[in-house]
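Structure file protein-v4.cif (mmCIF, C-alpha atoms and all ligand atoms) follows.
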data_upload
loop_
_atom_site.group_PDB
_atom_site.id
_atom_site.type_symbol
_atom_site.label_atom_id
_atom_site.label_comp_id
_atom_site.auth_asym_id
_atom_site.auth_seq_id
_atom_site.Cartn_x
_atom_site.Cartn_y
_atom_site.Cartn_z
ATOM 1 C CA MET A 1 -8.356 -11.942 7.166
ATOM 2 C CA HIS A 2 -4.756 -11.331 6.127
ATOM 3 C CA PRO A 3 -4.559 -8.364 3.707
ATOM 4 C CA PRO A 4 -3.084 -8.771 0.204
ATOM 5 C CA ARG A 5 0.657 -8.158 0.184
ATOM 6 C CA LEU A 6 1.645 -4.495 -0.051
ATOM 7 C CA LEU A 7 3.139 -3.691 -3.461
ATOM 8 C CA LEU A 8 6.319 -1.728 -4.152
ATOM 9 C CA GLY A 9 6.534 0.539 -7.178
ATOM 10 C CA VAL A 10 10.116 1.627 -7.819
ATOM 11 C CA ASN A 11 10.559 5.137 -9.210
ATOM 12 C CA ILE A 12 13.635 5.283 -11.476
ATOM 13 C CA ASP A 13 13.595 9.033 -12.259
ATOM 14 C CA HIS A 14 16.923 9.667 -10.617
ATOM 15 C CA ILE A 15 18.780 7.129 -12.721
ATOM 16 C CA ALA A 16 17.801 9.476 -15.541
ATOM 17 C CA THR A 17 18.859 12.500 -13.458
ATOM 18 C CA LEU A 18 22.405 11.118 -13.436
ATOM 19 C CA ARG A 19 22.337 10.468 -17.178
ATOM 20 C CA GLN A 20 21.014 13.950 -17.959
ATOM 21 C CA ALA A 21 23.686 15.534 -15.757
ATOM 22 C CA ARG A 22 26.241 14.691 -18.462
ATOM 23 C CA GLY A 23 24.086 14.088 -21.504
ATOM 24 C CA THR A 24 25.508 10.573 -21.820
ATOM 25 C CA ARG A 25 23.690 7.366 -22.772
ATOM 26 C CA TYR A 26 24.265 5.904 -19.327
ATOM 27 C CA PRO A 27 23.033 5.064 -16.755
ATOM 28 C CA ASP A 28 19.972 3.864 -18.630
ATOM 29 C CA PRO A 29 16.691 3.949 -16.681
ATOM 30 C CA VAL A 30 15.367 1.148 -18.861
ATOM 31 C CA GLN A 31 18.192 -1.128 -17.713
ATOM 32 C CA ALA A 32 17.507 -0.028 -14.131
ATOM 33 C CA ALA A 33 13.834 -0.864 -14.490
ATOM 34 C CA LEU A 34 14.599 -4.421 -15.582
ATOM 35 C CA LEU A 35 17.008 -4.919 -12.673
ATOM 36 C CA ALA A 36 14.455 -3.493 -10.223
ATOM 37 C CA GLU A 37 11.870 -5.934 -11.548
ATOM 38 C CA GLU A 38 14.313 -8.834 -11.075
ATOM 39 C CA ALA A 39 14.814 -7.694 -7.473
ATOM 40 C CA GLY A 40 11.089 -7.781 -6.769
ATOM 41 C CA ALA A 41 9.643 -4.424 -7.827
ATOM 42 C CA ASP A 42 5.932 -4.862 -8.462
ATOM 43 C CA GLY A 43 5.840 -1.939 -10.852
ATOM 44 C CA ILE A 44 7.989 0.850 -12.285
ATOM 45 C CA THR A 45 7.149 4.517 -11.790
ATOM 46 C CA VAL A 46 8.464 7.347 -13.950
ATOM 47 C CA HIS A 47 7.619 11.024 -13.864
ATOM 48 C CA LEU A 48 7.837 12.586 -17.324
ATOM 49 C CA ARG A 49 8.214 16.212 -16.330
ATOM 50 C CA GLU A 50 7.286 18.993 -18.709
ATOM 51 C CA ASP A 51 10.856 20.321 -18.456
ATOM 52 C CA ARG A 52 12.284 16.823 -19.185
ATOM 53 C CA ARG A 53 14.851 17.199 -16.435
ATOM 54 C CA HIS A 54 15.219 13.436 -15.991
ATOM 55 C CA ILE A 55 12.917 10.948 -17.738
ATOM 56 C CA GLN A 56 12.600 11.450 -21.517
ATOM 57 C CA GLU A 57 9.883 10.387 -23.917
ATOM 58 C CA ARG A 58 12.256 7.775 -25.291
ATOM 59 C CA ASP A 59 12.370 6.134 -21.840
ATOM 60 C CA VAL A 60 8.590 6.012 -21.559
ATOM 61 C CA ARG A 61 8.199 4.456 -25.008
ATOM 62 C CA LEU A 62 10.916 1.846 -24.426
ATOM 63 C CA LEU A 63 9.605 0.971 -20.956
ATOM 64 C CA ALA A 64 6.168 0.393 -22.439
ATOM 65 C CA GLU A 65 7.723 -2.238 -24.684
ATOM 66 C CA VAL A 66 10.032 -4.023 -22.271
ATOM 67 C CA LEU A 67 8.518 -3.965 -18.782
ATOM 68 C CA ASN A 68 7.429 -7.289 -17.374
ATOM 69 C CA THR A 69 5.400 -5.704 -14.588
ATOM 70 C CA ARG A 70 3.540 -2.464 -15.272
ATOM 71 C CA MET A 71 4.312 1.184 -15.783
ATOM 72 C CA ASN A 72 2.962 3.954 -13.581
ATOM 73 C CA LEU A 73 3.396 7.165 -15.562
ATOM 74 C CA GLU A 74 3.322 10.283 -13.426
ATOM 75 C CA MET A 75 2.410 13.382 -15.388
ATOM 76 C CA ALA A 76 0.893 16.830 -15.224
ATOM 77 C CA VAL A 77 -2.647 17.452 -16.455
ATOM 78 C CA THR A 78 -1.726 18.980 -19.822
ATOM 79 C CA GLU A 79 -2.915 18.256 -23.346
ATOM 80 C CA GLU A 80 0.596 17.206 -24.395
ATOM 81 C CA MET A 81 0.871 14.639 -21.608
ATOM 82 C CA ILE A 82 -2.641 13.287 -22.022
ATOM 83 C CA ARG A 83 -2.016 12.746 -25.758
ATOM 84 C CA LEU A 84 1.212 10.892 -25.035
ATOM 85 C CA ALA A 85 -0.505 8.660 -22.461
ATOM 86 C CA GLU A 86 -3.338 7.970 -24.893
ATOM 87 C CA GLU A 87 -0.749 6.790 -27.382
ATOM 88 C CA VAL A 88 1.517 4.793 -25.029
ATOM 89 C CA ARG A 89 -1.301 3.495 -22.801
ATOM 90 C CA PRO A 90 0.607 2.764 -19.595
ATOM 91 C CA ALA A 91 -1.213 0.466 -17.158
ATOM 92 C CA HIS A 92 -1.374 3.296 -14.630
ATOM 93 C CA VAL A 93 -1.257 7.057 -14.921
ATOM 94 C CA CYS A 94 -0.811 9.183 -11.820
ATOM 95 C CA LEU A 95 -1.817 12.816 -12.296
ATOM 96 C CA VAL A 96 0.464 15.115 -10.336
ATOM 97 C CA PRO A 97 0.827 18.881 -9.903
ATOM 98 C CA GLU A 98 3.907 20.401 -11.497
ATOM 99 C CA LYS A 99 5.771 23.664 -11.148
ATOM 100 C CA ARG A 100 8.725 24.176 -13.418
ATOM 101 C CA GLU A 101 11.078 25.639 -10.829
ATOM 102 C CA GLU A 102 10.364 23.184 -8.007
ATOM 103 C CA LEU A 103 13.075 20.857 -6.700
ATOM 104 C CA THR A 104 10.503 18.084 -6.359
ATOM 105 C CA THR A 105 6.708 17.748 -6.249
ATOM 106 C CA GLU A 106 5.433 20.206 -3.661
ATOM 107 C CA GLY A 107 2.026 19.246 -2.332
ATOM 108 C CA GLY A 108 -0.748 17.259 -3.910
ATOM 109 C CA LEU A 109 -2.938 17.946 -6.903
ATOM 110 C CA ASP A 110 -5.667 20.510 -6.176
ATOM 111 C CA VAL A 111 -8.566 18.408 -7.441
ATOM 112 C CA VAL A 112 -11.121 20.792 -5.937
ATOM 113 C CA SER A 113 -9.931 23.837 -7.918
ATOM 114 C CA GLY A 114 -8.947 21.998 -11.084
ATOM 115 C CA PHE A 115 -11.975 19.724 -11.045
ATOM 116 C CA GLU A 116 -13.218 20.121 -14.649
ATOM 117 C CA ALA A 117 -9.847 19.537 -16.314
ATOM 118 C CA ILE A 118 -8.953 16.661 -13.989
ATOM 119 C CA ALA A 119 -12.293 14.892 -14.432
ATOM 120 C CA ALA A 120 -11.957 15.256 -18.223
ATOM 121 C CA ALA A 121 -8.411 13.814 -18.093
ATOM 122 C CA CYS A 122 -9.616 10.878 -15.961
ATOM 123 C CA ALA A 123 -12.317 10.086 -18.508
ATOM 124 C CA ARG A 124 -9.958 10.265 -21.508
ATOM 125 C CA LEU A 125 -7.327 8.090 -19.846
ATOM 126 C CA ALA A 126 -9.877 5.525 -18.623
ATOM 127 C CA ALA A 127 -11.235 5.329 -22.178
ATOM 128 C CA VAL A 128 -7.858 4.002 -23.403
ATOM 129 C CA GLY A 129 -7.574 1.526 -20.535
ATOM 130 C CA CYS A 130 -5.263 3.402 -18.127
ATOM 131 C CA GLU A 131 -6.035 3.104 -14.439
ATOM 132 C CA VAL A 132 -5.833 6.683 -13.189
ATOM 133 C CA SER A 133 -4.674 7.760 -9.763
ATOM 134 C CA LEU A 134 -4.602 11.284 -8.378
ATOM 135 C CA PHE A 135 -1.635 12.353 -6.256
ATOM 136 C CA VAL A 136 -3.296 14.188 -3.368
ATOM 137 C CA ASP A 137 -2.546 15.441 0.108
ATOM 138 C CA PRO A 138 -4.286 13.589 2.953
ATOM 139 C CA ASP A 139 -7.132 16.101 2.856
ATOM 140 C CA PRO A 140 -10.793 14.909 2.971
ATOM 141 C CA ALA A 141 -11.972 17.566 0.477
ATOM 142 C CA GLN A 142 -9.383 16.470 -2.100
ATOM 143 C CA ILE A 143 -10.177 12.786 -1.606
ATOM 144 C CA GLU A 144 -13.878 13.387 -2.022
ATOM 145 C CA ALA A 145 -13.175 15.423 -5.189
ATOM 146 C CA ALA A 146 -10.946 12.615 -6.528
ATOM 147 C CA LEU A 147 -13.854 10.208 -6.215
ATOM 148 C CA ARG A 148 -16.224 12.621 -7.990
ATOM 149 C CA ALA A 149 -13.626 13.178 -10.726
ATOM 150 C CA GLY A 150 -13.835 9.478 -11.524
ATOM 151 C CA ALA A 151 -10.400 8.324 -10.376
ATOM 152 C CA PRO A 152 -10.480 4.788 -8.972
ATOM 153 C CA VAL A 153 -7.169 5.302 -7.157
ATOM 154 C CA ILE A 154 -5.463 8.000 -5.104
ATOM 155 C CA GLU A 155 -1.816 8.232 -4.138
ATOM 156 C CA LEU A 156 -1.399 10.004 -0.822
ATOM 157 C CA HIS A 157 1.501 12.470 -0.795
ATOM 158 C CA THR A 158 3.716 11.416 2.112
ATOM 159 C CA GLY A 159 6.131 14.339 1.690
ATOM 160 C CA ALA A 160 4.878 16.310 4.704
ATOM 161 C CA TYR A 161 5.311 13.204 6.880
ATOM 162 C CA ALA A 162 8.773 12.487 5.485
ATOM 163 C CA GLU A 163 10.055 16.003 6.176
ATOM 164 C CA VAL A 164 9.471 16.001 9.943
ATOM 165 C CA THR A 165 10.265 13.875 12.989
ATOM 166 C CA GLY A 166 8.887 13.203 16.478
ATOM 167 C CA GLU A 167 5.441 14.507 17.338
ATOM 168 C CA ALA A 168 5.057 16.323 14.040
ATOM 169 C CA ALA A 169 5.665 13.049 12.197
ATOM 170 C CA ALA A 170 3.121 11.317 14.431
ATOM 171 C CA ARG A 171 0.562 13.993 13.525
ATOM 172 C CA GLU A 172 1.252 13.632 9.799
ATOM 173 C CA HIS A 173 1.079 9.854 10.153
ATOM 174 C CA ALA A 174 -2.335 10.147 11.833
ATOM 175 C CA ARG A 175 -3.561 12.356 8.949
ATOM 176 C CA LEU A 176 -2.373 9.764 6.423
ATOM 177 C CA ALA A 177 -4.033 6.925 8.379
ATOM 178 C CA ALA A 178 -7.333 8.835 8.631
ATOM 179 C CA ALA A 179 -7.218 9.749 4.936
ATOM 180 C CA THR A 180 -6.571 6.103 4.015
ATOM 181 C CA GLU A 181 -9.530 4.955 6.090
ATOM 182 C CA MET A 182 -11.810 7.563 4.548
ATOM 183 C CA ALA A 183 -10.732 6.766 0.988
ATOM 184 C CA LEU A 184 -11.161 3.028 1.515
ATOM 185 C CA GLU A 185 -14.676 3.629 2.833
ATOM 186 C CA LEU A 186 -15.429 5.562 -0.363
ATOM 187 C CA GLY A 187 -14.249 2.536 -2.349
ATOM 188 C CA LEU A 188 -10.993 4.063 -3.621
ATOM 189 C CA THR A 189 -7.721 2.162 -3.899
ATOM 190 C CA VAL A 190 -5.050 3.907 -1.830
ATOM 191 C CA ASN A 191 -1.376 4.160 -2.744
ATOM 192 C CA ALA A 192 1.184 6.346 -1.006
ATOM 193 C CA GLY A 193 4.549 7.841 -1.749
ATOM 194 C CA HIS A 194 7.064 10.664 -1.826
ATOM 195 C CA GLY A 195 10.081 11.064 0.412
ATOM 196 C CA LEU A 196 9.788 7.568 1.851
ATOM 197 C CA ASN A 197 13.110 6.048 2.882
ATOM 198 C CA TYR A 198 14.633 3.143 4.816
ATOM 199 C CA HIS A 199 13.881 4.840 8.150
ATOM 200 C CA ASN A 200 10.336 6.060 7.713
ATOM 201 C CA VAL A 201 8.735 3.491 5.421
ATOM 202 C CA GLU A 202 7.640 0.860 7.938
ATOM 203 C CA ALA A 203 5.188 3.100 9.771
ATOM 204 C CA ILE A 204 3.488 4.013 6.493
ATOM 205 C CA ALA A 205 3.438 0.386 5.343
ATOM 206 C CA ALA A 206 1.704 -0.434 8.649
ATOM 207 C CA ILE A 207 -1.354 1.686 7.805
ATOM 208 C CA PRO A 208 -4.073 -0.880 7.094
ATOM 209 C CA GLY A 209 -5.388 -1.039 3.549
ATOM 210 C CA ILE A 210 -2.605 0.686 1.613
ATOM 211 C CA HIS A 211 -2.231 -1.047 -1.744
ATOM 212 C CA GLU A 212 1.120 0.181 -3.075
ATOM 213 C CA LEU A 213 4.036 2.400 -2.091
ATOM 214 C CA ASN A 214 5.962 4.309 -4.755
ATOM 215 C CA ILE A 215 9.534 4.979 -3.746
ATOM 216 C CA GLY A 216 12.392 6.372 -5.773
ATOM 217 C CA HIS A 217 14.969 8.799 -4.459
ATOM 218 C CA ALA A 218 15.961 6.774 -1.383
ATOM 219 C CA ILE A 219 16.273 3.510 -3.334
ATOM 220 C CA ILE A 220 18.379 5.028 -6.098
ATOM 221 C CA ALA A 221 20.578 6.804 -3.537
ATOM 222 C CA ARG A 222 21.146 3.563 -1.624
ATOM 223 C CA SER A 223 21.863 1.665 -4.815
ATOM 224 C CA LEU A 224 25.095 3.639 -5.166
ATOM 225 C CA PHE A 225 26.452 1.781 -2.150
ATOM 226 C CA VAL A 226 24.783 -1.633 -2.235
ATOM 227 C CA GLY A 227 23.667 -2.011 -5.860
ATOM 228 C CA LEU A 228 20.173 -1.529 -7.230
ATOM 229 C CA LYS A 229 18.952 -5.084 -6.723
ATOM 230 C CA GLU A 230 19.926 -5.116 -3.063
ATOM 231 C CA ALA A 231 18.471 -1.621 -2.518
ATOM 232 C CA VAL A 232 15.118 -2.676 -3.999
ATOM 233 C CA ALA A 233 15.056 -5.974 -2.114
ATOM 234 C CA GLU A 234 15.847 -4.241 1.202
ATOM 235 C CA MET A 235 13.063 -1.723 0.690
ATOM 236 C CA LYS A 236 10.644 -4.476 -0.168
ATOM 237 C CA ARG A 237 11.578 -6.420 2.978
ATOM 238 C CA LEU A 238 10.993 -3.321 5.112
ATOM 239 C CA ALA A 239 7.656 -2.522 3.469
ATOM 240 C CA ILE A 240 6.370 -6.053 3.955
ATOM 241 C CA ALA A 241 7.649 -6.167 7.557
ATOM 242 C CA GLY A 242 5.865 -2.870 8.210
ATOM 243 C CA GLN A 243 2.628 -4.155 6.742
ATOM 244 C CA GLU A 244 2.872 -7.322 8.851
ATOM 245 C CA ALA A 245 3.488 -5.304 12.033
ATOM 246 C CA GLY A 246 0.447 -3.147 11.228
ATOM 247 C CA PHE A 247 -1.690 -6.229 10.674
ATOM 248 C CA LEU A 248 -0.624 -7.788 13.995
ATOM 249 C CA ALA A 249 -1.286 -4.492 15.796
ATOM 250 C CA SER A 250 -4.788 -4.324 14.283
ATOM 251 C CA LEU A 251 -5.507 -7.893 15.484
ATOM 252 C CA GLU A 252 -4.401 -6.938 19.013
ATOM 253 C CA GLU A 253 -6.584 -3.835 18.876
ATOM 254 C CA HIS A 254 -9.618 -5.935 17.924
ATOM 255 C CA ASP A 255 -8.874 -8.424 20.746
ATOM 256 C CA HIS A 256 -8.589 -5.538 23.155
ATOM 257 C CA ASP A 257 -11.911 -4.015 21.956
ATOM 258 C CA ASP A 258 -13.660 -7.423 22.242
ATOM 259 C CA HIS A 259 -12.530 -7.810 25.868
ATOM 260 C CA HIS A 260 -13.939 -4.399 26.727
ATOM 261 C CA HIS A 261 -17.379 -4.946 25.219
HETATM 262 C C1 LIG B 1 5.077 12.828 -8.037
HETATM 263 C C2 LIG B 1 6.114 12.386 -7.100
HETATM 264 O O1 LIG B 1 5.942 12.401 -5.934
HETATM 265 C C3 LIG B 1 7.418 11.886 -7.545
HETATM 266 O O2 LIG B 1 7.379 11.109 -8.654
HETATM 267 C C4 LIG B 1 8.386 12.947 -7.772
HETATM 268 O O3 LIG B 1 7.765 14.021 -8.405
HETATM 269 C C5 LIG B 1 9.534 12.390 -8.575
HETATM 270 O O4 LIG B 1 10.028 13.320 -9.444
HETATM 271 P P1 LIG B 1 11.024 14.437 -8.887
HETATM 272 O O5 LIG B 1 12.036 13.745 -8.068
HETATM 273 O O6 LIG B 1 11.504 15.099 -10.117
HETATM 274 O O7 LIG B 1 10.198 15.351 -8.048
HETATM 275 N N1 LIG B 2 5.014 9.288 -6.239
HETATM 276 C C1 LIG B 2 6.153 9.181 -5.412
HETATM 277 C C2 LIG B 2 7.272 8.563 -6.127
HETATM 278 O O1 LIG B 2 7.105 8.011 -7.192
HETATM 279 C C3 LIG B 2 8.627 8.543 -5.551
HETATM 280 O O2 LIG B 2 8.946 9.679 -4.825
HETATM 281 P P1 LIG B 2 10.417 9.739 -4.135
HETATM 282 O O3 LIG B 2 10.605 8.451 -3.361
HETATM 283 O O4 LIG B 2 11.416 9.838 -5.253
HETATM 284 O O5 LIG B 2 10.349 10.932 -3.254
#
Is it possible to give me this structure as structure tokens?
Amino acid sequence: MHPPRLLLGVNIDHIATLRQARGTRYPDPVQAALLAEEAGADGITVHLREDRRHIQERDVRLLAEVLNTRMNLEMAVTEEMIRLAEEVRPAHVCLVPEKREELTTEGGLDVVSGFEAIAAACARLAAVGCEVSLFVDPDPAQIEAALRAGAPVIELHTGAYAEVTGEAAAREHARLAAATEMALELGLTVNAGHGLNYHNVEAIAAIPGIHELNIGHAIIARSLFVGLKEAVAEMKRLAIAGQEAGFLASLEEHDHDDHHH
């Protein structure tokens, strides 16, 4: 059976990065979110960092009022963030690890070590109707802990895959594919993201069973040259083409297995 179409969540953090660089009112991430939706984004992702380097609380509150799709709020597991999410009630909350000095999110959430606090956060957020995902590395122990913590969704961190090429990328891709298969067998919904761009997205989209990709930096960077709507639409075309190629390859694999049995 043909799988449901892969979804694209567009992360607009770096529209806010540009605004914060000068402390101006523009460019406005809320305006960007509406344009991204018009271009086919299935959802809007924002990461409200504790240091507020890009997205601000004002953005989160306005997005909650104006989005036509759904918000995926990425946040650290802190009391301040949980209280805000309980108030704003975004459709999705993705719990991520955070270090103040980092350039970007390094590695996935350590659900094994932080189990108690993460499970408690999952329960509080589920109680107000947020669908919670945990941003984890493609590591079986973390995926198993995510399930026990009560998260219905994981987002696999694709950063390690995105940083390398050649055989190393093939190895990281295999880890992501195996992690996806394992998580699906456990009944989890599997999203993926971080560092995906116009060159490396198709192979990830081709992994059977992935529900949604969250992509930001590459889309916002490309939008400088082709405009945001075109940048979103191009990424969506590539993601869907990748998913289709993966589906056709899986059909061929089944045919091949049938002939050999
Ligand atoms: C959690 C994640 O993978 C991204 O949302 C990323 O953290 C975006 O924010 P930065 O670009 O500030 O790292
Ligand atoms: N969770 C990943 C995300 O939202 C976007 O990450 P990036 O594409 O900005 O690296």
I'd like a table as CSV: residues in stretch 68-185 of chain A with an atom no more than 10 Å from stretch 32-42 of chain A, each row giving the shortest atom pair and its distance in Å to one decimal, all atoms listed in the file counted, sorted by chain and rising residue number.
residue,atom,partner,partner_atom,distance
A:Asn68,CA,A:Glu37,CA,7.4
A:Thr69,CA,A:Asp42,CA,6.2
A:Arg70,CA,A:Asp42,CA,7.6
A:Met71,CA,A:Asp42,CA,9.6
#### Entry: Expected selection from the PyMOL selection byres (((not hetatm)) within 7 of (chain B and resi 1)), given as a count of residues only
15
Around all listed atoms of ligand LIG 2 (chain B), padded 3 Å per side, what centre and edge lengths does the axis-aligned box have in Å to one decimal, as AutoDock Vina command-line options?
--center_x 8.2 --center_y 9.5 --center_z -5.2 --size_x 12.4 --size_y 8.9 --size_z 9.9
### Task
Please evaluate the PyMOL selection byres (((chain A and resi 154) around 7) and not hetatm) against the structure above and give the resulting residues as a count of residues only.
11
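If only C-alpha atoms are the atoms counted, then among A:Cys94, A:Met235, A:Leu67, A:Ala117 the closest residue to A:Asn197 is A:Met235.
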### Message
For stretch 78-91 of chain A, find every residue with an atom within 9 Å (counting all atoms listed in the file), except residues of its own chain fewer than 5 positions away, and show them as a ChimeraX atom specification.
### Response
/A:48,50,57,60-61,64,70-73,117,121,124-125,127-132
Write to file, as a compact mmCIF listing (two decimals), in the frame of the given file, the residues of the selection just made, with C-alpha atoms.
# COMPACT_ATOMS: atom_id res chain seq x y z
CA LEU A 48 7.84 12.59 -17.32
CA GLU A 50 7.29 18.99 -18.71
CA GLU A 57 9.88 10.39 -23.92
CA VAL A 60 8.59 6.01 -21.56
CA ARG A 61 8.20 4.46 -25.01
CA ALA A 64 6.17 0.39 -22.44
CA ARG A 70 3.54 -2.46 -15.27
CA MET A 71 4.31 1.18 -15.78
CA ASN A 72 2.96 3.95 -13.58
CA LEU A 73 3.40 7.16 -15.56
CA ALA A 117 -9.85 19.54 -16.31
CA ALA A 121 -8.41 13.81 -18.09
CA ARG A 124 -9.96 10.26 -21.51
CA LEU A 125 -7.33 8.09 -19.85
CA ALA A 127 -11.24 5.33 -22.18
CA VAL A 128 -7.86 4.00 -23.40
CA GLY A 129 -7.57 1.53 -20.54
CA CYS A 130 -5.26 3.40 -18.13
CA GLU A 131 -6.04 3.10 -14.44
CA VAL A 132 -5.83 6.68 -13.19
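Atom CA of A:Ala179 is found 25.7 Å from atom CA of A:Ile219.
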### Query
For ligand LIG 2 (chain B), which residue out of A:Gly114, A:Pro97, A:Gly227, A:Pro152 is the nearest one, using all atoms listed in the file?
A:Pro97
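Across the structure, atom CA of A:Gly242 and atom CA of A:Glu212 are spaced 12.6 Å apart.
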#### Entry: Close residues, A:Asp51 itself excluded, 10 Å, all atoms listed in the file, min 6 positions apart in chain, as JSON, numbers by chain
{"A": [98, 99, 100, 101]}
Any chance you can output those residues with C-alpha atoms as a PDB file, in the coordinates of the input?
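Listing of result22.pdb after writing:
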ATOM      1  CA  GLU A  98       3.907  20.401 -11.497  1.00  0.00           C
ATOM      2  CA  LYS A  99       5.771  23.664 -11.148  1.00  0.00           C
ATOM      3  CA  ARG A 100       8.725  24.176 -13.418  1.00  0.00           C
ATOM      4  CA  GLU A 101      11.078  25.639 -10.829  1.00  0.00           C
TER       5      GLU A 101
END
### Query
Could you list as a PyMOL selection string every residue that has an atom within 12 Å of (18.1, 7.1, -18.1), using the file's coordinates and counting only C-alpha atoms?
chain A and resi 11-33+46-48+52-60+62-63
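For the set A:Ile44, A:Leu228, A:Ile215, A:Leu248, the residue with the smallest atom-to-atom gap to ligand LIG 2 (chain B) is A:Ile215, counting only C-alpha atoms and all ligand atoms.
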### Message
Running the PyMOL selection byres (((chain A and resi 182) around 12) and not hetatm) on this model by hand, what would come out? Give it as a VMD selection string.
### Response
chain A and resid 138 to 144 147 154 156 175 to 181 183 to 190 208 to 210
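The closest residue to ligand LIG 2 (chain B), picked from A:Ala203, A:Ile240, A:Leu8, A:Leu196 and counting all atoms listed in the file, is A:Leu196.
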Missing atoms in stretch 227-241 of chain A: fill them in up to N, CA and C atoms and send the result as a PDB file, in the frame of the given file.
ATOM      1  N   GLY A 227      24.169  -1.484  -4.585  1.00  0.00           N
ATOM      2  CA  GLY A 227      23.667  -2.011  -5.860  1.00  0.00           C
ATOM      3  C   GLY A 227      22.144  -1.914  -5.892  1.00  0.00           C
ATOM      4  N   LEU A 228      21.614  -1.786  -7.096  1.00  0.00           N
ATOM      5  CA  LEU A 228      20.173  -1.529  -7.230  1.00  0.00           C
ATOM      6  C   LEU A 228      19.328  -2.712  -6.761  1.00  0.00           C
ATOM      7  N   LYS A 229      19.782  -3.929  -7.086  1.00  0.00           N
ATOM      8  CA  LYS A 229      18.952  -5.084  -6.723  1.00  0.00           C
ATOM      9  C   LYS A 229      18.826  -5.198  -5.214  1.00  0.00           C
ATOM     10  N   GLU A 230      19.950  -5.024  -4.526  1.00  0.00           N
ATOM     11  CA  GLU A 230      19.926  -5.116  -3.063  1.00  0.00           C
ATOM     12  C   GLU A 230      19.094  -3.966  -2.475  1.00  0.00           C
ATOM     13  N   ALA A 231      19.224  -2.782  -3.036  1.00  0.00           N
ATOM     14  CA  ALA A 231      18.471  -1.621  -2.518  1.00  0.00           C
ATOM     15  C   ALA A 231      16.963  -1.842  -2.666  1.00  0.00           C
ATOM     16  N   VAL A 232      16.554  -2.402  -3.786  1.00  0.00           N
ATOM     17  CA  VAL A 232      15.118  -2.676  -3.999  1.00  0.00           C
ATOM     18  C   VAL A 232      14.656  -3.775  -3.043  1.00  0.00           C
ATOM     19  N   ALA A 233      15.451  -4.843  -2.960  1.00  0.00           N
ATOM     20  CA  ALA A 233      15.056  -5.974  -2.114  1.00  0.00           C
ATOM     21  C   ALA A 233      14.944  -5.548  -0.649  1.00  0.00           C
ATOM     22  N   GLU A 234      15.890  -4.718  -0.196  1.00  0.00           N
ATOM     23  CA  GLU A 234      15.847  -4.241   1.202  1.00  0.00           C
ATOM     24  C   GLU A 234      14.586  -3.431   1.457  1.00  0.00           C
ATOM     25  N   MET A 235      14.263  -2.554   0.509  1.00  0.00           N
ATOM     26  CA  MET A 235      13.063  -1.723   0.690  1.00  0.00           C
ATOM     27  C   MET A 235      11.817  -2.589   0.711  1.00  0.00           C
ATOM     28  N   LYS A 236      11.818  -3.602  -0.120  1.00  0.00           N
ATOM     29  CA  LYS A 236      10.644  -4.476  -0.168  1.00  0.00           C
ATOM     30  C   LYS A 236      10.504  -5.244   1.146  1.00  0.00           C
ATOM     31  N   ARG A 237      11.624  -5.707   1.685  1.00  0.00           N
ATOM     32  CA  ARG A 237      11.578  -6.420   2.978  1.00  0.00           C
ATOM     33  C   ARG A 237      11.013  -5.514   4.060  1.00  0.00           C
ATOM     34  N   LEU A 238      11.476  -4.256   4.087  1.00  0.00           N
ATOM     35  CA  LEU A 238      10.993  -3.321   5.112  1.00  0.00           C
ATOM     36  C   LEU A 238       9.500  -3.032   4.945  1.00  0.00           C
ATOM     37  N   ALA A 239       9.076  -2.843   3.716  1.00  0.00           N
ATOM     38  CA  ALA A 239       7.656  -2.522   3.469  1.00  0.00           C
ATOM     39  C   ALA A 239       6.778  -3.685   3.929  1.00  0.00           C
ATOM     40  N   ILE A 240       7.195  -4.889   3.589  1.00  0.00           N
ATOM     41  CA  ILE A 240       6.370  -6.053   3.955  1.00  0.00           C
ATOM     42  C   ILE A 240       6.400  -6.265   5.475  1.00  0.00           C
ATOM     43  N   ALA A 241       7.567  -6.050   6.086  1.00  0.00           N
ATOM     44  CA  ALA A 241       7.649  -6.167   7.557  1.00  0.00           C
ATOM     45  C   ALA A 241       6.745  -5.126   8.218  1.00  0.00           C
TER      46      ALA A 241
END
